[in-house]
Amino acid sequence: EPLLLVEDLEVQREGNVILKGLDIKVNRGEVVGVLGRNGAGKSTLAYSIMGLPQYAPSKGRVIFEGQDVTDWSITDRARAGITLAWQHPARYEGITVGEYLSLSRKDLGRQELLEALSLVQLEGAYLDRRVDKALSGGERKRIELASVYLMRPKLAILDEPDSGVDLLALVEIMELFRRMVREGSSVLIITHREDVAAQCNRSYLICRGHVILEGSAEAVKRYFMSQCEPCSDSSPDLV
Ligand code: ADP
Ligand code: MG
Ligand code: MG
């Protein structure tokens, strides 16, 4: 049984059909990529799987561990083991990074917090920093990734984990995801970067709200680079 099954998903926003007839699946232990140009509908897919009310599907289903969660709240999906790392991390202004990371799971010791920080290349001194404007976008991004790691979700959805001002190297991010898989998570990576998708076990290429190719990450990368022009034509702000 797949961990996540998205079936025939249709999502509308303000009268526009953003996702249509979209099918994807994530098996346990997989790192799956969803690759698409800016405007293809990637973030919409992430929000819909997480259950944001404004992204409730007009058609189709989201199945998690065999249960139809299409009508479940964000909270219930989070309890079931789905976590979304936001493209722009939510702000927990004022609390320390250590306190923020401790929200991830009960009974986390200092050693585990330090280890999580080291996985995202941050020094232990960050535990006492405050989550405030003094943190750079890149630092917030790393802290968010550390927090997702500590949550040990069954399914981690990462929307553009590589974006941000001071990037973690791709190898470091992929090493973190592979470590998450070794510790029992499955990972859905949403990205516009074909080099990121190429590092996944399997990828989907989406264009104008539906899957146009599914296959090995390398095949999707090749197709994206050679044939994905019609997609970009419709996207004024393509990357
Ligand atoms: P991606 O993450 O792949 O860049 P998005 O999911 O953010 O794509 O957006 C997909 C499409 O949906 C885009 O054409 C965008 O303009 C449109 N869209 C996103 N949010 C809204 C909204 N709130 N209202 C109307 N259209 C939206
Ligand atoms: Mg976008
Ligand atoms: Mg997006």
# chains A, B, ... in the order shown; residues from 1 in each chain; ligands from 1
call {"tool": "closest_atom_pairs", "arguments": {"of": "chain A", "to": "ligand 1", "cutoff": "10 Å", "atoms": "only C-alpha atoms and all ligand atoms", "output": "Markdown table"}}
result
| residue | atom | partner | partner_atom_place_in_ligand_line | distance |
| --- | --- | --- | --- | --- |
| A:Val11 | CA | ligand 1 | 12 (O) | 9.3 |
| A:Gln12 | CA | ligand 1 | 25 (C) | 7.9 |
| A:Arg13 | CA | ligand 1 | 25 (C) | 4.6 |
| A:Glu14 | CA | ligand 1 | 25 (C) | 5.2 |
| A:Gly15 | CA | ligand 1 | 25 (C) | 7.6 |
| A:Asn16 | CA | ligand 1 | 26 (N) | 6.5 |
| A:Val17 | CA | ligand 1 | 12 (O) | 7.9 |
| A:Ile18 | CA | ligand 1 | 12 (O) | 5.0 |
| A:Leu19 | CA | ligand 1 | 10 (C) | 7.9 |
| A:Val34 | CA | ligand 1 | 3 (O) | 9.4 |
| A:Leu35 | CA | ligand 1 | 3 (O) | 8.4 |
| A:Gly36 | CA | ligand 1 | 3 (O) | 6.0 |
| A:Arg37 | CA | ligand 1 | 3 (O) | 5.9 |
| A:Asn38 | CA | ligand 1 | 4 (O) | 3.6 |
| A:Gly39 | CA | ligand 1 | 8 (O) | 3.6 |
| A:Ala40 | CA | ligand 1 | 3 (O) | 3.9 |
| A:Gly41 | CA | ligand 1 | 6 (O) | 3.3 |
| A:Lys42 | CA | ligand 1 | 3 (O) | 3.7 |
| A:Ser43 | CA | ligand 1 | 2 (O) | 3.7 |
| A:Thr44 | CA | ligand 1 | 6 (O) | 3.7 |
| A:Leu45 | CA | ligand 1 | 6 (O) | 6.5 |
| A:Ala46 | CA | ligand 1 | 6 (O) | 8.1 |
| A:Tyr47 | CA | ligand 1 | 6 (O) | 8.4 |
| A:Ser48 | CA | ligand 1 | 6 (O) | 9.7 |
| A:Gln54 | CA | ligand 1 | 23 (N) | 8.3 |
| A:Tyr55 | CA | ligand 1 | 23 (N) | 9.0 |
| A:Gln87 | CA | ligand 1 | 2 (O) | 9.1 |
| A:Asp159 | CA | ligand 1 | 2 (O) | 8.0 |
| A:Glu160 | CA | ligand 1 | 2 (O) | 8.6 |
| A:Ile190 | CA | ligand 1 | 2 (O) | 8.2 |
| A:Thr191 | CA | ligand 1 | 3 (O) | 8.1 |
| A:His192 | CA | ligand 1 | 3 (O) | 7.6 |
| A:Ile206 | CA | ligand 1 | 3 (O) | 8.4 |
| A:Cys207 | CA | ligand 1 | 3 (O) | 8.3 |
| A:Arg208 | CA | ligand 1 | 11 (C) | 7.6 |
| A:Gly209 | CA | ligand 1 | 10 (C) | 7.2 |
| A:Ser234 | CA | ligand 1 | 14 (O) | 8.6 |
| A:Ser235 | CA | ligand 1 | 14 (O) | 7.2 |
| A:Pro236 | CA | ligand 1 | 14 (O) | 9.2 |
| A:Asp237 | CA | ligand 1 | 4 (O) | 9.0 |
| A:Leu238 | CA | ligand 1 | 4 (O) | 8.3 |
| A:Val239 | CA | ligand 1 | 4 (O) | 9.1 |
call {"tool": "select_by_dssp", "arguments": {"residues": "stretch 13-231 of chain A", "states": "strand (DSSP E)", "output": "PyMOL selection string"}}
result
chain A and resi 13+16-26+31-35+59-64+67-68+82-85+155-159+186-191+202-207+210-215
call {"tool": "select_by_dssp", "arguments": {"residues": "stretch 78-128 of chain A", "states": "helix (DSSP H, G or I)", "output": "number ranges by chain"}}
result
A: 78-80, 97-102, 110-119, 124-128
call {"tool": "residues_around", "arguments": {"residues": "stretch 110-114 of chain A", "least_positions_apart": "2", "cutoff": "7 Å", "atoms": "only C-alpha atoms", "output": "ChimeraX atom specification"}}
result
/A:101,108,116-118,124
call {"tool": "residues_around", "arguments": {"residues": "A:Thr96", "least_positions_apart": "6", "cutoff": "8 Å", "atoms": "only C-alpha atoms", "output": "PyMOL selection string"}}
result
chain A and resi 127-131
